[in-house]
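Q: Data file my_file.txt (compact mmCIF, C-alpha atoms) is appended below.
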# COMPACT_ATOMS: atom_id res chain seq x y z
CA MET A 169 81.93 71.49 86.43
CA SER A 170 79.40 68.82 87.41
CA ALA A 171 76.23 68.43 85.38
CA LEU A 172 74.18 69.61 88.36
CA GLY A 173 76.33 72.71 88.81
CA ARG A 174 75.91 73.62 85.17
CA LEU A 175 72.17 72.95 85.22
CA THR A 176 71.70 75.05 88.38
CA ILE A 177 73.60 78.03 87.01
CA TYR A 178 71.80 77.71 83.69
CA LEU A 179 68.34 77.60 85.32
CA ALA A 180 69.18 80.55 87.60
CA LEU A 181 70.16 82.51 84.48
CA MET A 182 67.02 81.42 82.60
CA SER A 183 64.68 82.24 85.49
CA SER A 184 66.32 85.67 85.73
CA ILE A 185 65.54 86.47 82.10
CA SER A 186 62.22 84.62 81.83
CA PHE A 187 60.06 87.63 81.06
CA GLY A 188 56.44 86.57 80.80
CA GLY A 189 56.99 83.52 82.97
CA ILE A 190 58.88 80.27 82.52
CA PRO A 191 56.94 79.01 79.44
CA PRO A 192 58.66 81.44 77.04
CA VAL A 193 62.09 80.09 78.04
CA LEU A 194 61.01 76.44 77.65
CA PRO A 195 62.38 76.28 74.08
CA ASP A 196 65.80 77.44 75.33
CA ILE A 197 65.71 74.99 78.25
CA HIS A 198 64.70 72.21 75.87
CA ASN A 199 67.73 72.97 73.67
CA PHE A 200 70.03 72.94 76.69
CA VAL A 201 68.91 69.79 78.49
CA VAL A 202 67.83 67.67 75.50
CA GLY A 203 69.86 69.00 72.57
CA ALA A 204 73.18 70.32 73.90
CA ASN A 205 73.65 67.99 76.89
CA GLY A 206 71.46 64.97 76.24
CA TRP A 207 70.43 64.69 79.89
CA LEU A 208 66.80 64.11 78.90
CA THR A 209 65.07 62.66 75.88
CA ASP A 210 62.37 64.53 73.99
CA ARG A 211 59.88 62.16 75.57
CA ASP A 212 61.14 62.90 79.13
CA PHE A 213 60.74 66.60 78.44
CA ALA A 214 57.21 66.22 77.08
CA ASP A 215 56.28 63.90 79.99
CA PHE A 216 57.55 66.38 82.60
CA PHE A 217 55.66 69.19 80.90
CA ALA A 218 52.43 67.19 80.82
CA LEU A 219 52.80 66.11 84.46
CA ALA A 220 53.65 69.60 85.68
CA GLN A 221 50.57 70.99 83.92
CA THR A 222 48.35 68.29 85.41
CA ILE A 223 49.42 68.51 89.04
CA PRO A 224 48.15 71.63 90.84
CA GLY A 225 50.70 73.89 92.47
CA PRO A 226 53.64 75.89 91.15
CA ASN A 227 53.87 73.91 87.93
CA MET A 228 56.94 75.38 86.23
CA ILE A 229 58.99 75.07 89.44
CA LEU A 230 57.83 71.45 89.57
CA MET A 231 58.86 70.87 85.95
CA MET A 232 62.36 72.25 86.62
CA ALA A 233 62.58 70.12 89.79
CA LEU A 234 61.80 67.04 87.68
CA ILE A 235 64.53 67.98 85.20
CA GLY A 236 66.97 68.40 88.12
CA TRP A 237 65.86 65.05 89.54
CA LYS A 238 66.59 63.38 86.20
CA VAL A 239 70.09 64.89 86.16
CA ALA A 240 71.12 64.43 89.82
CA GLY A 241 68.38 62.84 91.94
CA ILE A 242 66.75 64.58 94.90
CA PRO A 243 69.58 67.13 95.45
CA GLY A 244 69.19 67.98 91.77
CA ALA A 245 65.47 68.54 92.23
CA ILE A 246 65.98 70.87 95.20
CA ALA A 247 68.79 72.83 93.49
CA SER A 248 66.75 73.25 90.30
CA ALA A 249 63.61 74.33 92.13
CA GLY A 250 65.66 76.88 94.08
CA ALA A 251 67.39 78.15 90.94
CA THR A 252 63.97 78.61 89.31
CA ALA A 253 62.24 80.32 92.24
CA VAL A 254 64.77 82.36 94.23
CA PRO A 255 66.18 84.86 91.67
CA PRO A 256 62.73 85.89 90.32
CA CYS A 257 61.17 86.09 93.81
CA THR A 258 63.96 88.43 94.91
CA MET A 259 63.26 90.56 91.85
CA TYR A 260 59.49 90.47 92.40
CA PHE A 261 59.96 91.75 95.92
CA VAL A 262 62.40 94.54 95.04
CA GLY A 263 60.47 95.35 91.86
CA PHE A 264 57.13 95.61 93.64
CA ARG A 265 58.60 97.93 96.26
CA LEU A 266 59.99 100.23 93.55
CA TRP A 267 56.81 100.00 91.48
CA ASP A 268 54.73 100.96 94.50
CA ARG A 269 56.95 103.95 95.23
CA PHE A 270 56.76 105.33 91.67
CA ARG A 271 53.19 104.28 90.95
CA ASP A 272 52.14 107.48 89.18
CA ALA A 273 55.22 107.87 86.99
CA ALA A 274 54.74 108.18 83.21
CA TRP A 275 57.32 105.47 82.53
CA GLN A 276 55.08 102.92 84.18
CA ARG A 277 52.34 103.49 81.59
CA ILE A 278 54.85 103.27 78.74
CA ALA A 279 56.36 100.09 80.14
CA ARG A 280 52.89 98.58 80.50
CA ALA A 281 51.80 99.45 76.95
CA SER A 282 55.01 98.33 75.22
CA LEU A 283 56.13 95.23 77.12
CA ALA A 284 52.82 93.49 77.89
CA PRO A 285 51.92 92.48 74.28
CA LEU A 286 55.50 91.33 73.73
CA THR A 287 55.34 88.92 76.65
CA PHE A 288 51.95 87.56 75.50
CA GLY A 289 53.44 86.77 72.06
CA LEU A 290 56.24 84.89 73.82
CA ILE A 291 53.73 82.80 75.80
CA VAL A 292 51.97 81.78 72.57
CA ALA A 293 55.37 80.88 71.10
CA GLY A 294 56.26 78.77 74.15
CA GLY A 295 53.01 76.82 73.77
CA THR A 296 53.63 76.37 70.05
CA VAL A 297 57.08 74.90 70.62
CA MET A 298 55.65 72.53 73.24
CA ALA A 299 52.90 71.53 70.79
CA GLU A 300 55.54 70.70 68.17
CA THR A 301 57.16 68.31 70.66
CA ALA A 302 53.87 66.77 71.80
CA ASP A 303 51.86 66.64 68.60
CA ASN A 304 53.11 63.56 66.80
CA THR A 305 49.75 62.67 65.27
CA TRP A 306 46.94 64.67 63.69
CA ARG A 307 44.73 63.71 66.62
CA ALA A 308 47.22 65.19 69.08
CA ALA A 309 47.36 68.37 66.99
CA ALA A 310 43.56 68.50 67.01
CA ILE A 311 43.59 68.28 70.82
CA SER A 312 46.01 71.21 71.02
CA VAL A 313 43.85 73.32 68.72
CA GLY A 314 40.68 72.26 70.52
CA ALA A 315 42.07 73.10 73.98
CA ALA A 316 43.26 76.53 72.82
CA ALA A 317 39.90 77.24 71.15
CA LEU A 318 37.84 76.12 74.17
CA LEU A 319 39.93 78.24 76.50
CA LEU A 320 39.38 81.28 74.28
CA ALA A 321 35.70 80.77 73.54
CA THR A 322 34.27 79.33 76.76
CA ARG A 323 34.67 79.59 80.52
CA ILE A 324 35.12 75.85 80.99
CA ASN A 325 37.65 75.05 83.71
CA PRO A 326 40.85 73.91 81.93
CA LEU A 327 41.00 70.98 84.34
CA TRP A 328 38.05 69.41 82.47
CA MET A 329 39.88 69.77 79.17
CA LEU A 330 42.99 68.08 80.56
CA GLY A 331 40.78 65.36 82.02
CA ALA A 332 39.06 64.80 78.69
CA ALA A 333 42.41 64.68 76.88
CA ALA A 334 43.71 62.19 79.46
CA ALA A 335 40.60 60.04 78.91
CA LEU A 336 41.08 60.11 75.13
CA GLY A 337 44.68 59.07 75.69
CA ALA A 338 43.73 56.28 78.08
CA LEU A 339 41.35 54.91 75.44
CA GLY A 340 44.28 54.81 73.01
CA LEU A 341 42.75 57.45 70.76
CA VAL A 342 45.67 59.89 70.64
CA MET B 227 41.51 89.67 83.34
CA GLN B 228 38.56 91.99 83.90
CA LEU B 229 38.60 94.08 87.00
CA PRO B 230 35.42 95.62 88.34
CA SER B 231 35.51 99.35 88.91
CA GLU B 232 37.18 100.55 92.04
CA ALA B 233 35.00 100.54 95.14
CA PRO B 234 35.99 102.29 98.33
CA GLN B 235 37.17 99.62 100.71
CA SER B 236 38.77 99.55 104.08
CA LEU B 237 41.81 97.34 103.84
CA VAL B 238 42.66 94.69 106.35
CA ARG B 239 46.18 93.78 107.42
CA ALA B 240 46.72 90.07 106.88
CA SER B 241 47.84 87.80 109.65
CA LEU B 242 50.81 85.68 108.62
CA GLY B 243 48.85 82.49 109.21
CA GLU B 244 46.02 83.63 106.94
CA LEU B 245 48.50 84.69 104.28
CA PHE B 246 50.11 81.24 104.35
CA CYS B 247 46.80 79.38 104.27
CA GLU B 248 45.21 81.48 101.52
CA PHE B 249 48.14 80.97 99.16
CA LEU B 250 48.33 77.30 100.06
CA LYS B 251 44.69 77.05 98.93
CA VAL B 252 45.25 79.13 95.80
CA SER B 253 48.12 76.85 94.86
CA LEU B 254 46.38 73.54 95.53
CA LEU B 255 42.99 74.45 94.07
CA GLY B 256 43.94 77.04 91.51
CA PHE B 257 44.73 74.82 88.63
CA GLY B 258 44.85 76.92 85.47
CA GLY B 259 43.23 79.78 87.32
CA GLY B 260 45.67 80.67 90.08
CA ILE B 261 45.39 84.36 89.31
CA VAL B 262 41.60 84.32 89.49
CA LEU B 263 41.64 82.55 92.86
CA ALA B 264 44.38 84.82 94.23
CA HIS B 265 42.29 87.86 93.26
CA ARG B 266 39.22 86.46 94.95
CA ALA B 267 41.15 85.71 98.14
CA ALA B 268 43.31 88.82 98.43
CA VAL B 269 40.92 91.51 97.15
CA GLU B 270 37.34 90.33 97.50
CA ARG B 271 37.32 88.05 100.50
CA GLN B 272 40.16 89.19 102.73
CA ARG B 273 40.51 92.82 101.58
CA TRP B 274 44.27 92.89 101.89
CA LEU B 275 44.66 94.92 98.67
CA THR B 276 42.60 97.28 96.52
CA GLU B 277 41.67 96.39 92.95
CA SER B 278 44.32 98.71 91.58
CA ASP B 279 47.01 97.33 93.89
CA PHE B 280 46.23 93.89 92.57
CA ALA B 281 46.15 95.03 88.93
CA ASP B 282 49.56 96.64 89.46
CA ALA B 283 50.99 93.46 90.95
CA LEU B 284 49.61 91.50 88.00
CA THR B 285 51.09 93.86 85.41
CA LEU B 286 54.42 93.94 87.18
CA CYS B 287 54.60 90.15 87.34
CA GLN B 288 53.66 89.88 83.69
CA PHE B 289 56.75 91.63 82.54
CA MET B 290 59.18 90.59 85.20
CA PRO B 291 61.07 87.35 84.80
CA GLY B 292 60.06 84.21 86.62
CA PRO B 293 57.02 82.04 87.32
CA ASN B 294 54.34 84.78 87.32
CA VAL B 295 51.76 83.31 89.64
CA VAL B 296 54.43 82.89 92.33
CA GLY B 297 55.10 86.61 91.81
CA ILE B 298 51.48 87.43 92.69
CA ALA B 299 51.94 85.66 96.03
CA VAL B 300 55.18 87.56 96.70
CA CYS B 301 53.61 90.93 95.79
CA VAL B 302 50.44 90.40 97.84
CA GLY B 303 52.53 89.29 100.82
CA ALA B 304 54.86 92.27 100.42
CA LYS B 305 52.00 94.75 100.16
CA THR B 306 50.18 93.63 103.28
CA ARG B 307 53.03 92.44 105.54
CA GLY B 308 56.35 93.52 104.04
CA PHE B 309 59.32 91.20 103.64
CA VAL B 310 58.12 88.54 106.09
CA GLY B 311 54.73 88.57 104.37
CA ALA B 312 56.34 87.96 100.99
CA LEU B 313 58.29 85.05 102.44
CA VAL B 314 55.24 83.52 104.12
CA ALA B 315 53.00 83.88 101.04
CA PHE B 316 55.73 82.28 98.89
CA ALA B 317 56.10 79.41 101.36
CA GLY B 318 52.34 78.80 101.38
CA PHE B 319 52.18 78.88 97.63
CA ALA B 320 55.27 76.88 96.74
CA LEU B 321 56.74 74.69 99.50
CA ILE B 322 54.01 72.26 100.53
CA PRO B 323 52.24 72.05 97.12
CA GLY B 324 55.66 71.70 95.46
CA ALA B 325 56.65 68.77 97.69
CA ILE B 326 53.27 67.06 97.21
CA GLY B 327 53.41 67.61 93.45
CA PHE B 328 56.95 66.27 93.23
CA ALA B 329 56.03 63.10 95.11
CA LEU B 330 52.95 62.57 92.89
CA ALA B 331 55.03 63.12 89.77
CA LEU B 332 57.65 60.56 90.84
CA ILE B 333 54.97 57.95 91.54
CA PHE B 334 53.49 58.63 88.13
CA LEU B 335 56.88 58.54 86.37
CA GLU B 336 57.66 55.13 87.90
CA GLN B 337 54.84 53.86 85.75
CA THR B 338 55.65 55.63 82.48
CA GLN B 339 56.44 52.35 80.78
CA ALA B 340 52.93 51.10 81.49
CA PRO B 341 50.91 51.60 78.29
CA ILE B 342 47.99 53.22 80.08
CA VAL B 343 50.19 55.92 81.66
CA ARG B 344 52.00 56.39 78.35
CA ASN B 345 48.64 56.93 76.62
CA VAL B 346 47.32 59.30 79.27
CA LEU B 347 50.44 61.44 79.03
CA ALA B 348 50.21 61.37 75.23
CA GLY B 349 46.71 62.82 75.59
CA ILE B 350 47.55 65.44 78.20
CA ALA B 351 50.70 66.87 76.60
CA PRO B 352 49.00 68.31 73.47
CA ALA B 353 46.10 69.66 75.56
CA ALA B 354 48.51 71.38 77.95
CA ALA B 355 50.40 72.92 75.03
CA GLY B 356 47.12 74.09 73.50
CA LEU B 357 46.05 75.65 76.81
CA MET B 358 49.29 77.60 76.95
CA ILE B 359 48.67 78.93 73.44
CA GLY B 360 45.10 79.80 74.43
CA THR B 361 46.28 81.64 77.57
CA GLY B 362 48.69 83.78 75.55
CA LEU B 363 45.98 84.59 73.01
CA ARG B 364 43.48 85.42 75.74
CA LEU B 365 45.93 87.83 77.35
CA LEU B 366 46.42 89.44 73.93
CA LYS B 367 42.68 89.86 73.32
CA PRO B 368 42.30 93.22 75.11
CA HIS B 369 45.15 94.54 72.93
CA ARG B 370 43.66 93.43 69.63
CA HIS B 371 42.88 96.98 68.48
CA GLU B 372 46.37 98.26 69.24
CA ARG B 373 48.20 97.70 65.99
CA ARG B 374 51.62 98.37 67.48
CA GLY B 375 51.14 95.88 70.29
CA ILE B 376 49.90 93.16 67.94
CA VAL B 377 52.83 93.68 65.58
CA PHE B 378 55.31 93.30 68.42
CA ALA B 379 53.49 90.26 69.80
CA ALA B 380 53.63 88.69 66.32
CA LEU B 381 57.34 89.51 65.95
CA ALA B 382 58.08 87.97 69.36
CA PHE B 383 56.11 84.86 68.39
CA ALA B 384 57.88 84.57 65.01
CA GLY B 385 61.33 85.08 66.50
CA LEU B 386 60.90 82.35 69.08
CA ALA B 387 58.58 79.80 67.48
CA ILE B 388 59.38 80.12 63.76
CA ALA B 389 62.94 81.46 63.49
CA LYS B 390 63.89 79.55 66.71
CA LEU B 391 66.05 82.43 67.93
CA PRO B 392 67.24 82.46 71.55
CA LEU B 393 64.91 84.31 73.92
CA LEU B 394 67.59 86.78 75.05
CA LEU B 395 68.15 87.89 71.45
CA VAL B 396 64.41 88.24 70.75
CA LEU B 397 63.76 90.21 73.95
CA GLY B 398 66.95 92.25 73.74
CA THR B 399 65.98 93.40 70.25
CA LEU B 400 62.21 93.77 70.52
CA ALA B 401 61.83 95.24 74.03
CA PRO B 402 63.81 98.46 73.32
CA LEU B 403 62.13 98.78 69.90
CA SER B 404 58.68 98.37 71.43
CA VAL B 405 59.38 100.92 74.15
CA ALA B 406 60.76 103.34 71.53
CA ALA B 407 57.71 102.85 69.30
CA THR B 408 55.38 103.51 72.25
CA VAL B 409 57.26 106.66 73.25
CA VAL B 410 57.25 107.97 69.65
CA SER B 411 53.54 107.28 69.12
CA ARG B 412 52.64 108.98 72.42
CA ALA B 413 54.76 112.01 71.58
CA LYS B 414 52.59 112.64 68.50
CA PRO B 415 49.68 115.00 69.12
Show the structure stored in the file as structure tokens.
A:
Amino acid sequence: MSALGRLTIYLALMSSISFGGIPPVLPDIHNFVVGANGWLTDRDFADFFALAQTIPGPNMILMMALIGWKVAGIPGAIASAGATAVPPCTMYFVGFRLWDRFRDAAWQRIARASLAPLTFGLIVAGGTVMAETADNTWRAAAISVGAAALLLATRINPLWMLGAAAALGALGLV
Amino acid sequence: MQLPSEAPQSLVRASLGELFCEFLKVSLLGFGGGIVLAHRAAVERQRWLTESDFADALTLCQFMPGPNVVGIAVCVGAKTRGFVGALVAFAGFALIPGAIGFALALIFLEQTQAPIVRNVLAGIAPAAAGLMIGTGLRLLKPHRHERRGIVFAALAFAGLAIAKLPLLLVLGTLAPLSVAATVVSRAKP
């Protein structure tokens, strides 16, 4: 099968199991596109992640579109974006309809209490794996820690933090 | 996210044009805070949903697969205008901003060999990773007194980030265990 065919099927599968959002499956996607297939370098992957986080909009769909673009040009970008968005959106729609119908059921409270913390742990793990890829110097690691701490402790818009990190980078300080 | 206590509200049925435009705005302006902006638009300003409808959509999207913020758009659209509403809200949120973002990214990537762009990206990548860690921790904060939840969050983190296990294995093992632990602890008097 063509590289694009394999990537599309793989992303459709990943988006279908990406509980807690796309970030928790980033480590798996990294293994597939960088490690197993060599379509991207580590640097490509980190660049796409940084760009997708910087540009407003649906950033994980954008990141997958960039991976698809790297593998197969514009058709690759469209196929990858579709594979990332369509299966989960179908599930959101069906899921929300069912959820609404059974809104007072006891199983909803149990599902909420047991699955929510699990997904939050996965998000932290996704960020940690990305930090391992991005943090090649102690200064970069300090930026990761600082951004996480500021987000937790203050109400500063994250856009300012990304702007400050970009400025530090532009000055050659990272 | 903190939700104010429920106030009696009369809900408004969205027009499809408003639905499209509101989620276009949420997407383009809602950097890092898409959920906050979506709440403001759908609950406070337009009154398409009640607080509890929105909280339900948020919870549902948190533990369904996929890009969560997109899920909020789909759920809000579905609640106020059914299937067509879901489609329109998704289109507003994803299509135009996605195309703009993709074009911007390609322009930027053309220049990745330029030292300045290289340096800027080297600065942004660690910050973006740190923000993701911070978001996960912030979501965990309300659960910090629930020992069971914290243990399962830590196990999920360790499985993925330290042991480097595949996500399917981590979820397939921990999700049933977590549900079982919750059921058992609630069965106790």
Q: Give me the residues within 10 Å of Ile197 of chain A as JSON, numbers by chain, counting all atoms listed in the file and dropping any in the same chain fewer than 3 places off.
A: {"A": [175, 178, 179, 182, 190, 191, 192, 193, 194, 200, 201, 202, 203, 204, 213, 232, 235]}
Q: Anything within 12 Å of (53.9, 77.2, 66.2): list those residues as a PDB file with C-alpha atoms, in the coordinates of the input, counting all atoms listed in the file and sticking to the file's coordinates.
A:
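Now in out_39.pdb:
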ATOM      1  CA  PRO A 195      62.380  76.280  74.080  1.00  0.00           C
ATOM      2  CA  GLY A 289      53.440  86.770  72.060  1.00  0.00           C
ATOM      3  CA  LEU A 290      56.240  84.890  73.820  1.00  0.00           C
ATOM      4  CA  ILE A 291      53.730  82.800  75.800  1.00  0.00           C
ATOM      5  CA  VAL A 292      51.970  81.780  72.570  1.00  0.00           C
ATOM      6  CA  ALA A 293      55.370  80.880  71.100  1.00  0.00           C
ATOM      7  CA  GLY A 294      56.260  78.770  74.150  1.00  0.00           C
ATOM      8  CA  GLY A 295      53.010  76.820  73.770  1.00  0.00           C
ATOM      9  CA  THR A 296      53.630  76.370  70.050  1.00  0.00           C
ATOM     10  CA  VAL A 297      57.080  74.900  70.620  1.00  0.00           C
ATOM     11  CA  MET A 298      55.650  72.530  73.240  1.00  0.00           C
ATOM     12  CA  ALA A 299      52.900  71.530  70.790  1.00  0.00           C
ATOM     13  CA  GLU A 300      55.540  70.700  68.170  1.00  0.00           C
ATOM     14  CA  THR A 301      57.160  68.310  70.660  1.00  0.00           C
ATOM     15  CA  ALA A 302      53.870  66.770  71.800  1.00  0.00           C
ATOM     16  CA  ASP A 303      51.860  66.640  68.600  1.00  0.00           C
ATOM     17  CA  ALA A 309      47.360  68.370  66.990  1.00  0.00           C
ATOM     18  CA  SER A 312      46.010  71.210  71.020  1.00  0.00           C
ATOM     19  CA  VAL A 313      43.850  73.320  68.720  1.00  0.00           C
TER      20      VAL A 313
ATOM     21  CA  ALA B 355      50.400  72.920  75.030  1.00  0.00           C
ATOM     22  CA  GLY B 356      47.120  74.090  73.500  1.00  0.00           C
ATOM     23  CA  MET B 358      49.290  77.600  76.950  1.00  0.00           C
ATOM     24  CA  ILE B 359      48.670  78.930  73.440  1.00  0.00           C
ATOM     25  CA  ALA B 380      53.630  88.690  66.320  1.00  0.00           C
ATOM     26  CA  ALA B 382      58.080  87.970  69.360  1.00  0.00           C
ATOM     27  CA  PHE B 383      56.110  84.860  68.390  1.00  0.00           C
ATOM     28  CA  ALA B 384      57.880  84.570  65.010  1.00  0.00           C
ATOM     29  CA  GLY B 385      61.330  85.080  66.500  1.00  0.00           C
ATOM     30  CA  LEU B 386      60.900  82.350  69.080  1.00  0.00           C
ATOM     31  CA  ALA B 387      58.580  79.800  67.480  1.00  0.00           C
ATOM     32  CA  ILE B 388      59.380  80.120  63.760  1.00  0.00           C
ATOM     33  CA  ALA B 389      62.940  81.460  63.490  1.00  0.00           C
ATOM     34  CA  LYS B 390      63.890  79.550  66.710  1.00  0.00           C
TER      35      LYS B 390
END
Q: Could you give me, as a ChimeraX atom specification, the residues within 12 Å of Val254 of chain A, counting only C-alpha atoms and dropping anything in the same chain fewer than 2 positions from it?
A: /A:176,179-184,229,246-252,256-261 /B:291-293,296-297,300,313,316-317,320
Q: Looking at only C-alpha atoms, which of A:Trp207, A:Trp237, A:Phe187, A:Phe216 is the one that sits closest to chain B?
A: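 Between A:Trp207, A:Trp237, A:Phe187, A:Phe216, the residue approaching chain B most closely is A:Phe187.
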Q: Can you measure atom CA of Asp196 of chain A to atom CA of Pro392 of chain B for me? One decimal in Å is fine.
A: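 One can read the atom CA of Asp196 of chain A to atom CA of Pro392 of chain B distance as 6.4 Å.
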Q: Show which residues sit within 10 Å of segment 318-327 of chain A, as a PyMOL selection string. Count all atoms listed in the file, and ignore same-chain residues fewer than 6 positions away.
A: (chain A and resi 221-224+333) or (chain B and resi 256-259+353-354+356-365+367)
Q: For each of B:Lys414, B:Arg239, B:Arg307, B:His369, take the minimum atom-to-atom distance to chain A, counting all atoms listed in the file, then give the residue where this is smallest.
A: B:His369
Q: Quick one, how far is atom CA of Phe334 of chain B from atom CA of Leu347 of chain B?
A: 10.0 Å
Q: Record the distance separating atom CA of Leu393 of chain B and atom CA of Ala264 of chain B, expressed in Å with one decimal.
A: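 Distance between the two atoms: 28.9 Å.
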Q: Neighbours of segment 279-287 of chain B within 8 Å (only C-alpha atoms; same-chain residues fewer than 5 positions away dropped), as an MDAnalysis selection string?
A: (chainID A and resid 188 260 263:264 267 280 284) or (chainID B and resid 229 265 269 294:295 297:298 301:302)
Q: Pick out the residues sitting within 9 Å of segment 270-272 of chain B, and hand them over as a list in words; count all atoms listed in the file, and ignore anything fewer than 6 positions along from it in its own chain.
A: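 My list of contacting residues is Leu237, Val238, Arg239 and Ala240 of chain B.
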Q: Here is a test: counting only C-alpha atoms, which residue of A:Ser186, A:Leu208, A:Leu234, A:Gly241 is nearest to chain B?
A: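 Using only C-alpha atoms, the shortest distance to chain B belongs to A:Ser186.
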Q: Padding 6 Å on each side, edges along x, y and z: where is the centre of the box around the listed atoms of segment 272-285 of chain A, and how long are its edges in Å to one decimal? Output it as AutoDock Vina command-line options.
A:
--center_x 54.6 --center_y 100.3 --center_z 81.7 --size_x 17.5 --size_y 27.7 --size_z 26.9
Q: Using all atoms listed in the file, which residue out of A:Leu339, A:Ala273, A:Ala316, A:Ala253 lies closest to chain B?
A: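 Checking each candidate against chain B, we get A:Ala316 as the closest.
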Q: From the options B:Gly243, B:Pro368, B:Gly327, B:Gln339, which residue's atoms come nearest to chain A, counting only C-alpha atoms?
A: B:Gly327
Q: Taking (57.1, 102.8, 67.1) in the file's coordinates, which residues come within 12 Å, counting all atoms listed in the file, written as a list in words?
A: Ile278, Ala281 and Ser282 of chain A; Glu372, Arg373, Arg374, Gly375, Val377, Phe378, Leu400, Ala401, Pro402, Leu403, Ser404, Val405, Ala406, Ala407, Thr408, Val409, Val410, Ser411, Arg412, Ala413 and Lys414 of chain B
Q: Which residue gives the smallest distance to chain A among B:Ser253, B:Arg266, B:Arg344, B:Gly398, with all atoms listed in the file counted?
A: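 Under the stated criterion, the closest residue is B:Ser253.
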